[in-house]
>>> print(open('data06.txt').read())   # compact mmCIF, C-alpha atoms
# COMPACT_ATOMS: atom_id res chain seq x y z
CA MET A 270 -25.53 112.64 -41.53
CA PRO A 271 -26.24 109.41 -39.67
CA THR A 272 -27.48 106.50 -41.71
CA ALA A 273 -31.15 105.66 -41.62
CA GLU A 274 -32.15 103.18 -38.90
CA PRO A 275 -32.91 99.73 -40.33
CA PRO A 276 -36.51 98.59 -40.24
CA PRO A 277 -37.46 96.51 -37.20
CA VAL A 278 -37.23 92.77 -37.47
CA ARG A 279 -40.70 91.45 -36.84
CA ALA A 280 -41.98 87.94 -36.52
CA SER A 281 -43.68 86.91 -39.72
CA ARG A 282 -47.35 86.13 -39.82
CA GLY A 283 -46.49 82.46 -40.25
CA ARG A 284 -44.44 82.43 -37.07
CA LEU A 285 -47.26 83.97 -35.06
CA ASP A 286 -49.62 81.43 -36.62
CA ALA A 287 -47.30 78.80 -35.18
CA LEU A 288 -47.96 80.26 -31.73
CA ASP A 289 -51.69 79.96 -32.40
CA GLY A 290 -51.15 76.32 -33.30
CA LEU A 291 -49.15 75.87 -30.11
CA ARG A 292 -52.04 77.36 -28.14
CA GLY A 293 -54.45 74.98 -29.87
CA LEU A 294 -52.36 71.97 -28.88
CA ALA A 295 -52.17 73.27 -25.31
CA ALA A 296 -55.97 73.62 -25.11
CA THR A 297 -56.41 70.12 -26.50
CA GLY A 298 -53.84 68.85 -24.01
CA VAL A 299 -55.83 70.31 -21.12
CA LEU A 300 -58.94 68.57 -22.50
CA VAL A 301 -57.07 65.25 -22.64
CA LEU A 302 -55.80 65.81 -19.10
CA HIS A 303 -59.28 66.32 -17.67
CA VAL A 304 -60.73 63.32 -19.49
CA TRP A 305 -57.85 61.21 -18.20
CA MET A 306 -58.39 62.47 -14.63
CA PHE A 307 -61.98 61.24 -14.67
CA SER A 308 -60.93 58.00 -16.36
CA TYR A 309 -58.35 56.90 -13.82
CA GLY A 310 -60.50 58.33 -11.02
CA ASP A 311 -63.29 55.97 -12.03
CA SER A 312 -60.87 53.06 -11.84
CA HIS A 313 -59.98 53.99 -8.24
CA ARG A 314 -56.25 53.68 -8.84
CA PRO A 315 -53.40 56.14 -8.58
CA PRO A 316 -51.46 56.97 -11.74
CA LYS A 317 -48.55 54.55 -12.07
CA GLU A 318 -47.84 53.89 -15.73
CA PHE A 319 -45.65 55.96 -18.02
CA LEU A 320 -48.71 57.08 -20.00
CA ASP A 321 -50.33 58.29 -16.78
CA PHE A 322 -47.31 60.40 -15.91
CA THR A 323 -47.09 61.78 -19.44
CA ILE A 324 -50.73 62.78 -19.66
CA GLY A 325 -50.66 64.17 -16.14
CA GLU A 326 -47.96 66.64 -17.16
CA LEU A 327 -50.22 68.11 -19.82
CA ARG A 328 -51.18 70.43 -16.95
CA LEU A 329 -48.28 72.59 -18.18
CA GLY A 330 -50.63 73.73 -20.92
CA VAL A 331 -51.98 76.30 -18.45
CA GLN A 332 -48.48 77.65 -17.84
CA LEU A 333 -47.98 77.79 -21.60
CA PHE A 334 -51.12 79.94 -21.95
CA PHE A 335 -49.70 82.43 -19.47
CA VAL A 336 -46.26 82.52 -21.12
CA LEU A 337 -47.89 83.14 -24.52
CA SER A 338 -50.04 85.93 -23.10
CA GLY A 339 -47.05 87.63 -21.53
CA PHE A 340 -45.14 87.49 -24.80
CA LEU A 341 -47.88 88.50 -27.23
CA ILE A 342 -49.55 91.23 -25.19
CA PHE A 343 -46.34 92.88 -24.02
CA ARG A 344 -44.83 93.00 -27.53
CA PRO A 345 -46.41 96.34 -28.58
CA PHE A 346 -45.14 98.03 -25.43
CA VAL A 347 -41.66 96.59 -26.02
CA ALA A 348 -41.65 97.78 -29.63
CA ALA A 349 -42.69 101.29 -28.59
CA ALA A 350 -40.03 101.45 -25.87
CA LEU A 351 -37.10 99.99 -27.80
CA ASP A 352 -37.93 101.87 -31.00
CA GLY A 353 -38.01 105.17 -29.12
CA ALA A 354 -41.64 105.94 -29.87
CA ARG A 355 -43.00 109.09 -28.31
CA ARG A 356 -46.22 107.36 -27.32
CA GLY A 357 -47.07 103.80 -26.47
CA PRO A 358 -49.97 101.71 -27.74
CA SER A 359 -53.43 103.22 -27.36
CA LEU A 360 -54.86 102.00 -24.05
CA ALA A 361 -58.42 102.45 -25.34
CA ARG A 362 -57.64 100.29 -28.36
CA TYR A 363 -55.93 97.76 -26.11
CA ALA A 364 -58.92 97.57 -23.74
CA ILE A 365 -61.53 97.28 -26.49
CA ARG A 366 -59.69 94.56 -28.36
CA ARG A 367 -58.92 92.54 -25.24
CA ALA A 368 -62.54 92.79 -24.11
CA ALA A 369 -63.83 91.74 -27.53
CA ARG A 370 -61.49 88.74 -27.57
CA ILE A 371 -62.32 87.50 -24.08
CA LEU A 372 -65.79 88.58 -22.97
CA PRO A 373 -68.30 87.29 -25.58
CA GLY A 374 -67.05 83.70 -25.65
CA TYR A 375 -66.56 83.66 -21.90
CA TRP A 376 -70.04 85.01 -21.15
CA LEU A 377 -71.53 82.44 -23.54
CA ALA A 378 -69.72 79.65 -21.69
CA VAL A 379 -70.84 81.02 -18.30
CA ALA A 380 -74.48 81.09 -19.43
CA ALA A 381 -74.31 77.61 -20.97
CA SER A 382 -72.61 76.14 -17.90
CA PHE A 383 -75.13 77.77 -15.57
CA LEU A 384 -78.12 76.38 -17.47
CA LEU A 385 -76.58 72.92 -17.83
CA LEU A 386 -75.59 72.51 -14.19
CA ARG A 387 -78.91 73.83 -12.95
CA HIS A 388 -80.69 71.33 -15.19
CA LEU A 389 -78.49 68.48 -13.94
CA ASP A 390 -78.56 69.71 -10.33
CA HIS A 391 -74.78 69.37 -10.23
CA PRO A 392 -72.93 70.07 -6.94
CA THR A 393 -70.81 72.82 -8.55
CA GLN A 394 -73.81 74.83 -9.73
CA VAL A 395 -74.29 78.36 -8.43
CA ASP A 396 -77.29 80.53 -7.66
CA ALA A 397 -78.45 83.13 -10.14
CA ASP A 398 -77.47 85.97 -7.80
CA GLN A 399 -73.85 84.70 -7.94
CA LEU A 400 -73.62 85.00 -11.72
CA PRO A 401 -72.33 88.60 -11.62
CA ILE A 402 -69.30 87.30 -9.72
CA PHE A 403 -68.48 85.04 -12.67
CA LEU A 404 -69.31 87.64 -15.29
CA LEU A 405 -66.76 89.96 -13.65
CA PHE A 406 -64.10 87.22 -13.37
CA ALA A 407 -64.16 87.44 -9.56
CA GLN A 408 -64.99 83.80 -8.80
CA ASN A 409 -61.47 83.07 -7.53
CA HIS A 410 -61.89 85.55 -4.69
CA PHE A 411 -64.82 83.82 -2.94
CA GLU A 412 -64.80 80.40 -1.30
CA GLU A 413 -68.38 79.70 -2.39
CA THR A 414 -67.64 80.28 -6.10
CA ILE A 415 -64.04 79.22 -6.67
CA LYS A 416 -63.77 76.12 -8.91
CA HIS A 417 -67.54 76.15 -9.43
CA LEU A 418 -69.66 76.28 -12.59
CA ASP A 419 -66.80 75.65 -15.06
CA PRO A 420 -63.62 74.97 -13.00
CA PRO A 421 -61.05 75.72 -15.77
CA MET A 422 -62.39 79.28 -15.82
CA TRP A 423 -60.23 80.07 -12.79
CA THR A 424 -57.41 80.82 -15.23
CA LEU A 425 -59.52 83.47 -16.99
CA GLY A 426 -59.68 85.47 -13.77
CA ILE A 427 -55.88 85.47 -13.67
CA GLU A 428 -55.67 86.44 -17.35
CA MET A 429 -57.98 89.41 -16.81
CA SER A 430 -55.94 90.52 -13.81
CA PHE A 431 -52.85 90.44 -16.01
CA TYR A 432 -54.59 92.44 -18.75
CA ALA A 433 -55.59 95.07 -16.20
CA THR A 434 -52.10 95.47 -14.71
CA LEU A 435 -50.00 95.12 -17.86
CA PRO A 436 -50.44 98.78 -18.95
CA ILE A 437 -48.72 99.83 -15.72
CA VAL A 438 -45.66 97.74 -16.61
CA GLY A 439 -45.95 98.99 -20.18
CA LEU A 440 -45.83 102.61 -19.06
CA LEU A 441 -42.78 101.82 -16.93
CA ALA A 442 -41.16 100.28 -20.00
CA LEU A 443 -41.81 103.46 -21.97
CA ARG A 444 -40.25 105.53 -19.20
CA LEU A 445 -37.14 103.34 -19.28
CA GLY A 446 -36.76 104.10 -22.97
CA PRO A 447 -34.79 102.24 -25.66
CA HIS A 448 -32.55 100.30 -23.27
CA ARG A 449 -32.96 96.56 -23.62
CA GLY A 450 -31.01 95.83 -20.44
CA ARG A 451 -33.30 98.00 -18.35
CA LEU A 452 -36.38 96.35 -19.81
CA VAL A 453 -34.96 92.90 -19.06
CA VAL A 454 -34.44 93.98 -15.45
CA LEU A 455 -38.08 95.13 -15.39
CA THR A 456 -39.47 91.85 -16.73
CA LEU A 457 -37.19 89.74 -14.52
CA THR A 458 -38.54 91.72 -11.57
CA VAL A 459 -41.98 90.49 -12.58
CA VAL A 460 -40.62 86.94 -12.68
CA ALA A 461 -39.01 87.37 -9.26
CA ALA A 462 -42.28 88.67 -7.80
CA GLY A 463 -44.01 85.53 -9.05
CA LEU A 464 -41.36 83.21 -7.62
CA LEU A 465 -41.46 85.00 -4.28
CA SER A 466 -45.26 84.74 -4.21
CA THR A 467 -45.00 80.99 -4.87
CA VAL A 468 -42.68 80.63 -1.89
CA LEU A 469 -44.90 82.74 0.37
CA ALA A 470 -48.03 80.89 -0.75
CA TYR A 471 -46.50 77.62 0.44
CA THR A 472 -44.67 78.76 3.56
CA HIS A 473 -47.50 80.98 4.81
CA HIS A 474 -50.34 78.67 3.75
CA TRP A 475 -52.15 81.14 1.55
CA PRO A 476 -55.85 80.39 1.17
CA GLN A 477 -57.03 79.13 -2.19
CA THR A 478 -58.62 82.49 -2.92
CA LEU A 479 -55.14 84.05 -2.83
CA SER A 480 -53.07 81.22 -4.29
CA THR A 481 -55.27 81.33 -7.42
CA SER A 482 -54.64 85.04 -7.89
CA LEU A 483 -52.25 86.69 -10.33
CA LEU A 484 -49.38 86.91 -7.83
CA PRO A 485 -48.10 83.28 -7.89
CA HIS A 486 -48.38 83.23 -11.69
CA LEU A 487 -46.41 86.37 -12.42
CA ALA A 488 -43.40 84.18 -13.20
CA GLU A 489 -45.14 82.67 -16.23
CA PHE A 490 -46.27 86.02 -17.60
CA GLY A 491 -42.88 87.55 -16.81
CA ALA A 492 -41.08 84.78 -18.71
CA GLY A 493 -43.09 85.58 -21.83
CA MET A 494 -42.49 89.31 -21.34
CA THR A 495 -38.74 88.71 -21.03
CA ALA A 496 -38.78 86.75 -24.29
CA ALA A 497 -40.57 89.67 -25.96
CA VAL A 498 -37.81 92.06 -24.87
CA LEU A 499 -34.93 89.81 -25.86
CA LEU A 500 -36.38 88.90 -29.27
CA HIS A 501 -37.33 92.36 -30.47
CA ARG A 502 -35.52 93.08 -33.79
CA ARG A 503 -33.59 89.85 -33.44
CA THR A 504 -33.44 86.56 -35.27
CA LEU A 505 -31.66 83.33 -34.35
CA ARG A 506 -29.34 81.36 -36.58
CA ALA A 507 -29.86 77.64 -36.94
CA THR A 508 -27.16 76.47 -34.51
CA PRO A 509 -28.03 78.69 -31.52
CA ALA A 510 -31.74 78.19 -32.21
CA ALA A 511 -31.30 74.43 -32.08
CA ALA A 512 -29.34 74.70 -28.83
CA ILE A 513 -32.00 76.93 -27.26
CA ALA A 514 -34.79 74.60 -28.38
CA ALA A 515 -32.95 71.58 -26.98
CA ALA A 516 -32.40 73.36 -23.66
CA GLY A 517 -36.08 74.27 -23.51
CA ILE A 518 -37.19 70.70 -24.18
CA VAL A 519 -34.78 69.34 -21.56
CA LEU A 520 -36.10 71.80 -18.96
CA VAL A 521 -39.73 70.93 -19.68
CA VAL A 522 -39.09 67.18 -19.60
CA ALA A 523 -36.96 67.41 -16.46
CA ASN A 524 -39.60 69.52 -14.71
CA SER A 525 -42.32 67.04 -15.63
CA TRP A 526 -40.26 64.04 -14.56
CA TRP A 527 -39.39 65.75 -11.29
CA HIS A 528 -43.03 66.42 -10.39
CA ALA A 529 -44.53 63.24 -11.83
CA THR A 530 -42.14 60.87 -10.05
CA GLY A 531 -42.03 62.81 -6.79
CA ALA A 532 -38.24 63.00 -6.82
CA GLY A 533 -36.73 65.08 -4.06
CA SER A 534 -38.54 66.55 -1.10
CA VAL A 535 -42.08 67.84 -1.17
CA ASP A 536 -40.94 71.17 0.24
CA THR A 537 -38.47 71.69 -2.59
CA ARG A 538 -41.06 70.92 -5.28
CA ASN A 539 -43.59 73.26 -3.74
CA LEU A 540 -41.09 76.07 -3.23
CA ILE A 541 -39.71 75.95 -6.77
CA GLY A 542 -42.97 75.00 -8.43
CA ASP A 543 -42.80 74.73 -12.21
CA ALA A 544 -40.12 77.39 -12.66
CA PRO A 545 -37.81 75.10 -14.73
CA GLY A 546 -40.67 74.10 -16.99
CA VAL A 547 -41.77 77.71 -17.44
CA ALA A 548 -38.24 78.69 -18.44
CA GLY A 549 -38.20 75.81 -20.91
CA LEU A 550 -41.52 76.89 -22.45
CA ALA A 551 -40.18 80.43 -22.91
CA LEU A 552 -37.09 79.06 -24.69
CA ILE A 553 -39.20 76.92 -27.02
CA LEU A 554 -41.38 79.92 -27.80
CA ALA A 555 -38.26 81.95 -28.63
CA THR A 556 -37.10 79.44 -31.22
CA LEU A 557 -40.54 79.34 -32.86
CA VAL A 558 -40.63 83.13 -33.19
CA ALA A 559 -37.02 84.00 -34.00
CA GLY A 560 -35.54 80.74 -35.25
CA PRO A 561 -35.00 79.85 -38.91
CA TRP A 562 -37.67 77.13 -39.01
CA ARG A 563 -41.12 77.78 -40.42
CA ALA A 564 -42.97 75.41 -38.05
CA VAL A 565 -45.37 74.44 -40.82
CA LEU A 566 -47.04 71.73 -38.72
CA LEU A 567 -48.09 74.37 -36.18
CA SER A 568 -49.01 77.17 -38.57
CA ARG A 569 -51.17 75.18 -40.99
CA GLY A 570 -53.74 72.43 -41.09
CA PRO A 571 -55.32 70.89 -37.98
CA ALA A 572 -53.01 72.66 -35.51
CA LYS A 573 -53.87 76.08 -36.93
CA TRP A 574 -57.59 75.24 -36.86
CA LEU A 575 -57.29 74.09 -33.25
CA GLY A 576 -55.52 77.35 -32.48
CA THR A 577 -58.37 79.31 -34.02
CA ILE A 578 -61.02 77.61 -31.88
CA SER A 579 -58.78 76.96 -28.87
CA TYR A 580 -60.60 79.44 -26.63
CA GLY A 581 -63.88 77.60 -27.12
CA VAL A 582 -62.20 74.23 -26.65
CA TYR A 583 -60.84 75.39 -23.32
CA LEU A 584 -64.14 76.91 -22.16
CA PHE A 585 -66.58 74.20 -23.22
CA HIS A 586 -64.79 70.90 -22.72
CA PHE A 587 -65.41 70.60 -18.98
CA PRO A 588 -69.20 71.19 -19.11
CA VAL A 589 -69.28 68.61 -21.93
CA ILE A 590 -67.54 66.08 -19.66
CA VAL A 591 -69.98 66.81 -16.83
CA GLY A 592 -72.98 66.56 -19.16
CA LEU A 593 -71.88 63.21 -20.59
CA ARG A 594 -71.20 61.75 -17.16
CA MET A 595 -74.46 62.87 -15.54
CA THR A 596 -76.70 61.83 -18.43
CA GLY A 597 -75.33 58.28 -18.69
CA HIS A 598 -73.50 58.82 -21.98
CA TRP A 599 -69.98 58.57 -20.59
CA PRO A 600 -68.11 55.57 -22.09
CA GLN A 601 -66.68 53.31 -19.43
CA ASP A 602 -63.22 51.73 -19.18
CA SER A 603 -61.86 53.20 -22.41
CA LEU A 604 -59.88 56.41 -22.45
CA THR A 605 -59.99 56.49 -26.26
CA ARG A 606 -63.80 56.31 -26.42
CA GLU A 607 -64.08 58.91 -23.67
CA LEU A 608 -61.81 61.29 -25.57
CA LEU A 609 -63.70 60.78 -28.82
CA ALA A 610 -67.03 61.41 -27.10
CA VAL A 611 -65.82 64.68 -25.55
CA LEU A 612 -64.15 65.86 -28.76
CA ALA A 613 -67.25 65.03 -30.82
CA ILE A 614 -69.21 67.65 -28.88
CA THR A 615 -66.51 70.11 -27.83
CA LEU A 616 -65.02 70.77 -31.27
CA PRO A 617 -68.34 71.63 -32.96
CA ALA A 618 -69.36 73.77 -29.99
CA ALA A 619 -66.05 75.65 -30.11
CA THR A 620 -66.37 76.09 -33.87
CA LEU A 621 -69.87 77.56 -33.53
CA SER A 622 -68.66 79.85 -30.76
CA TRP A 623 -65.87 81.11 -33.03
CA PHE A 624 -68.02 81.79 -36.08
CA LEU A 625 -71.13 83.08 -34.31
CA VAL A 626 -69.74 84.93 -31.29
CA GLU A 627 -65.96 85.34 -31.10
CA ARG A 628 -65.04 86.29 -34.65
CA PRO A 629 -67.86 88.84 -35.08
CA ALA A 630 -66.80 90.51 -31.81
CA ILE A 631 -63.14 90.59 -32.87
CA ARG A 632 -64.02 92.10 -36.24
CA TRP A 633 -66.24 94.70 -34.59
CA ALA A 634 -63.38 95.69 -32.28
CA GLN A 635 -60.99 95.93 -35.23
CA ARG A 636 -63.38 98.24 -37.07
CA ARG A 637 -64.05 100.24 -33.93
CA THR A 638 -60.40 100.83 -33.16
CA SER A 639 -58.92 101.09 -36.65
CA THR A 640 -57.35 104.47 -37.30
CA SER A 641 -58.74 105.86 -40.53
CA ARG A 642 -55.96 107.91 -41.94
CA THR A 643 -57.15 109.95 -44.88
CA THR A 644 -54.27 111.42 -46.74
CA ALA A 645 -55.16 114.78 -48.19
CA LYS A 646 -54.63 115.02 -51.91
CA PRO A 647 -51.91 117.41 -53.00
CA PRO A 648 -53.17 120.66 -54.43
CA GLU A 649 -54.07 120.50 -58.06
CA VAL A 650 -51.48 122.25 -60.16
CA SER A 651 -52.90 124.34 -62.97
CA PRO A 652 -51.34 123.94 -66.37
CA GLU A 653 -49.04 126.55 -67.74
CA PRO A 654 -51.05 129.74 -68.40
CA ARG A 655 -52.13 129.90 -72.00
CA ARG A 656 -51.82 133.16 -73.85
CA GLN A 657 -54.50 133.72 -76.46
CA ARG A 658 -52.66 136.37 -78.39
CA THR A 659 -49.41 138.17 -78.00
CA GLY A 660 -49.82 140.89 -75.50
CA GLU A 661 -53.04 139.52 -73.92
CA ARG A 662 -53.26 138.54 -70.32
CA PRO A 663 -53.01 134.83 -69.61
CA VAL A 664 -56.21 132.85 -69.12
CA LEU A 665 -56.03 131.33 -65.62
CA ARG A 666 -58.14 128.34 -64.65
CA PRO A 667 -59.81 128.49 -61.26
CA GLN A 668 -58.10 126.50 -58.45
CA PRO A 669 -59.56 125.01 -55.29
CA ALA A 670 -59.69 127.34 -52.34
CA GLY A 671 -56.37 127.47 -50.58
CA ALA A 672 -54.47 125.65 -53.31
CA GLY A 673 -51.00 126.97 -53.75
CA ALA A 674 -50.84 128.44 -50.24
CA SER A 675 -47.61 127.59 -48.50
CA GLY A 676 -47.94 124.56 -46.17
CA ASP A 677 -51.47 123.56 -47.19
CA ARG A 678 -51.28 119.75 -47.40
>>> encode(input="data06.txt", output="structure tokens")
Amino acid sequence: MPTAEPPPVRASRGRLDALDGLRGLAATGVLVLHVWMFSYGDSHRPPKEFLDFTIGELRLGVQLFFVLSGFLIFRPFVAAALDGARRGPSLARYAIRRAARILPGYWLAVAASFLLLRHLDHPTQVDADQLPIFLLFAQNHFEETIKHLDPPMWTLGIEMSFYATLPIVGLLALRLGPHRGRLVVLTLTVVAAGLLSTVLAYTHHWPQTLSTSLLPHLAEFGAGMTAAVLLHRRTLRATPAAAIAAAGIVLVVANSWWHATGAGSVDTRNLIGDAPGVAGLALILATLVAGPWRAVLLSRGPAKWLGTISYGVYLFHFPVIVGLRMTGHWPQDSLTRELLAVLAITLPAATLSWFLVERPAIRWAQRRTSTSRTTAKPPEVSPEPRRQRTGERPVLRPQPAGAGASGDR
């Protein structure tokens, strides 16, 4: 008989916590980027110092969000396909849990941004009859709503498009079966579609409503999906993990230097986009998940806390910046004071959103979709029949109905 198949190698809870910490740092990096953009914009000077270039490249935090989403959300489909499961993840469970994670916090931020901008009479405010467009994540598809209300929310429209289309790729993965090579071809096809869309967006001058769609960002999601396929049931030893991490860091730094300094032609940068940096982010993610290091700094303490509230940090920081600037509370000529002012409001707001809105919704979805498996008790076995006297019939105790019948379990 064949030997039993070894249990799958899964990323430990601590390693996935490290990804949460990474997400928290990315959200904070985007906050720092936006504060810095207003700061040097007020000074009416182009970025020219090393610090300017470094902070400017924190924009890769958005690409990191997409890579993480591709990896984490595609993992259950990969596990089902490579482990030869007869059925994939429950699509109803998938939809409920994704909706519970995204919608409540997002709708709260939409409502808060709408009320704030209306009160301040800000140029990026929208009319009440346009709110359904934002509530349905469709703001990227209309010129009058794109980059309005809360501009960073444009990425949420792309995320929701990915969530809606991922089950199609997941079903294709299940049809391909337990063949890692075939699944890699599938995910690299997603990457290729994203790279091709980036080229077409530049060469054919796609409008903003199309260039901010899912298509040009498929490469980021596909990179995370490819990592999910390659890492399933696998771990990395210290030496190859260190080499992969070093390669990832080199790619990210080189990509940032290339864009920040304007090296090479504009056409080349626009055609290739951030593909080297995205590849580097996927390699770094791989070493965090499958490498031998515990990444304690990312899985505990402040980084883990930032990861927990990262969604709120990302959603609320821009309205906080706008509110401070339009009410005369924006510190002038000091990036440090500006950052502290934004963080002093954003972090408590994100924390309240987590405890009062996001976490209750997530727990509700977990209860709603948890499979209650009640294992039937085995039939009660009566003790050995007791004979009262020699020659008398045994005294039999009554048994539950159906007990002892063949196959009743």
>>> atom_distance(input="data06.txt", atom1="atom CA of Ile590 of chain A", atom2="atom CA of Gly576 of chain A")
20.9 Å
>>> residues_around(input="data06.txt", residues="Arg451 of chain A", least_positions_apart="2", cutoff="12 Å", atoms="only C-alpha atoms", output="number ranges by chain")
A: 347, 350-351, 441-449, 453-458, 495, 498-499
>>> closest_residue(input="data06.txt", among="A:Ile631, A:Ser480, A:Gly439, A:Ser525", to="Arg356 of chain A", atoms="only C-alpha atoms")
A:Gly439
>>> residues_near_point(input="data06.txt", point="(-48.2, 98.2, -16.6)", cutoff="12 Å", atoms="only C-alpha atoms", output="PyMOL selection string")
chain A and resi 339+342-343+346-347+357-358+360+430-444+455-456+459+491+494
>>> atom_distance(input="data06.txt", atom1="atom CA of Lys573 of chain A", atom2="atom CA of Tyr363 of chain A")
24.3 Å
>>> atom_distance(input="data06.txt", atom1="atom CA of Glu627 of chain A", atom2="atom CA of Ser382 of chain A")
17.4 Å
>>> axis_aligned_box(input="data06.txt", around="segment 520-536 of chain A", padding_each_side="6 Å", output="AutoDock Vina command-line options")
--center_x -40.3 --center_y 66.3 --center_z -9.7 --size_x 20.4 --size_y 22.9 --size_z 31.9
>>> closest_residue(input="data06.txt", among="A:Leu567, A:Ala380, A:Phe335, A:Arg538", to="Leu483 of chain A", atoms="only C-alpha atoms")
A:Phe335
>>> residues_around(input="data06.txt", residues="segment 636-638 of chain A", least_positions_apart="5", cutoff="8 Å", atoms="all atoms listed in the file", output="number ranges by chain")
A: 362, 365-366
>>> closest_residue(input="data06.txt", among="A:Leu404, A:Leu291, A:Ile427, A:Leu418", to="Leu372 of chain A", atoms="only C-alpha atoms")
A:Leu404
>>> residues_around(input="data06.txt", residues="Leu593 of chain A", least_positions_apart="2", cutoff="12 Å", atoms="all atoms listed in the file", output="list in words")
Val304, Phe307, Leu385, Leu386, Leu389, His586, Phe587, Pro588, Val589, Ile590, Val591, Met595, Thr596, Gly597, His598, Trp599, Pro600, Gln601, Glu607, Leu608, Leu609, Ala610, Val611, Leu612, Ala613, Ile614 and Thr615 of chain A
>>> write_last_selection(input="data06.txt", atoms="C-alpha atoms", output="compact mmCIF listing (two decimals), in the frame of the given file")
# COMPACT_ATOMS: atom_id res chain seq x y z
CA VAL A 304 -60.73 63.32 -19.49
CA PHE A 307 -61.98 61.24 -14.67
CA LEU A 385 -76.58 72.92 -17.83
CA LEU A 386 -75.59 72.51 -14.19
CA LEU A 389 -78.49 68.48 -13.94
CA HIS A 586 -64.79 70.90 -22.72
CA PHE A 587 -65.41 70.60 -18.98
CA PRO A 588 -69.20 71.19 -19.11
CA VAL A 589 -69.28 68.61 -21.93
CA ILE A 590 -67.54 66.08 -19.66
CA VAL A 591 -69.98 66.81 -16.83
CA MET A 595 -74.46 62.87 -15.54
CA THR A 596 -76.70 61.83 -18.43
CA GLY A 597 -75.33 58.28 -18.69
CA HIS A 598 -73.50 58.82 -21.98
CA TRP A 599 -69.98 58.57 -20.59
CA PRO A 600 -68.11 55.57 -22.09
CA GLN A 601 -66.68 53.31 -19.43
CA GLU A 607 -64.08 58.91 -23.67
CA LEU A 608 -61.81 61.29 -25.57
CA LEU A 609 -63.70 60.78 -28.82
CA ALA A 610 -67.03 61.41 -27.10
CA VAL A 611 -65.82 64.68 -25.55
CA LEU A 612 -64.15 65.86 -28.76
CA ALA A 613 -67.25 65.03 -30.82
CA ILE A 614 -69.21 67.65 -28.88
CA THR A 615 -66.51 70.11 -27.83
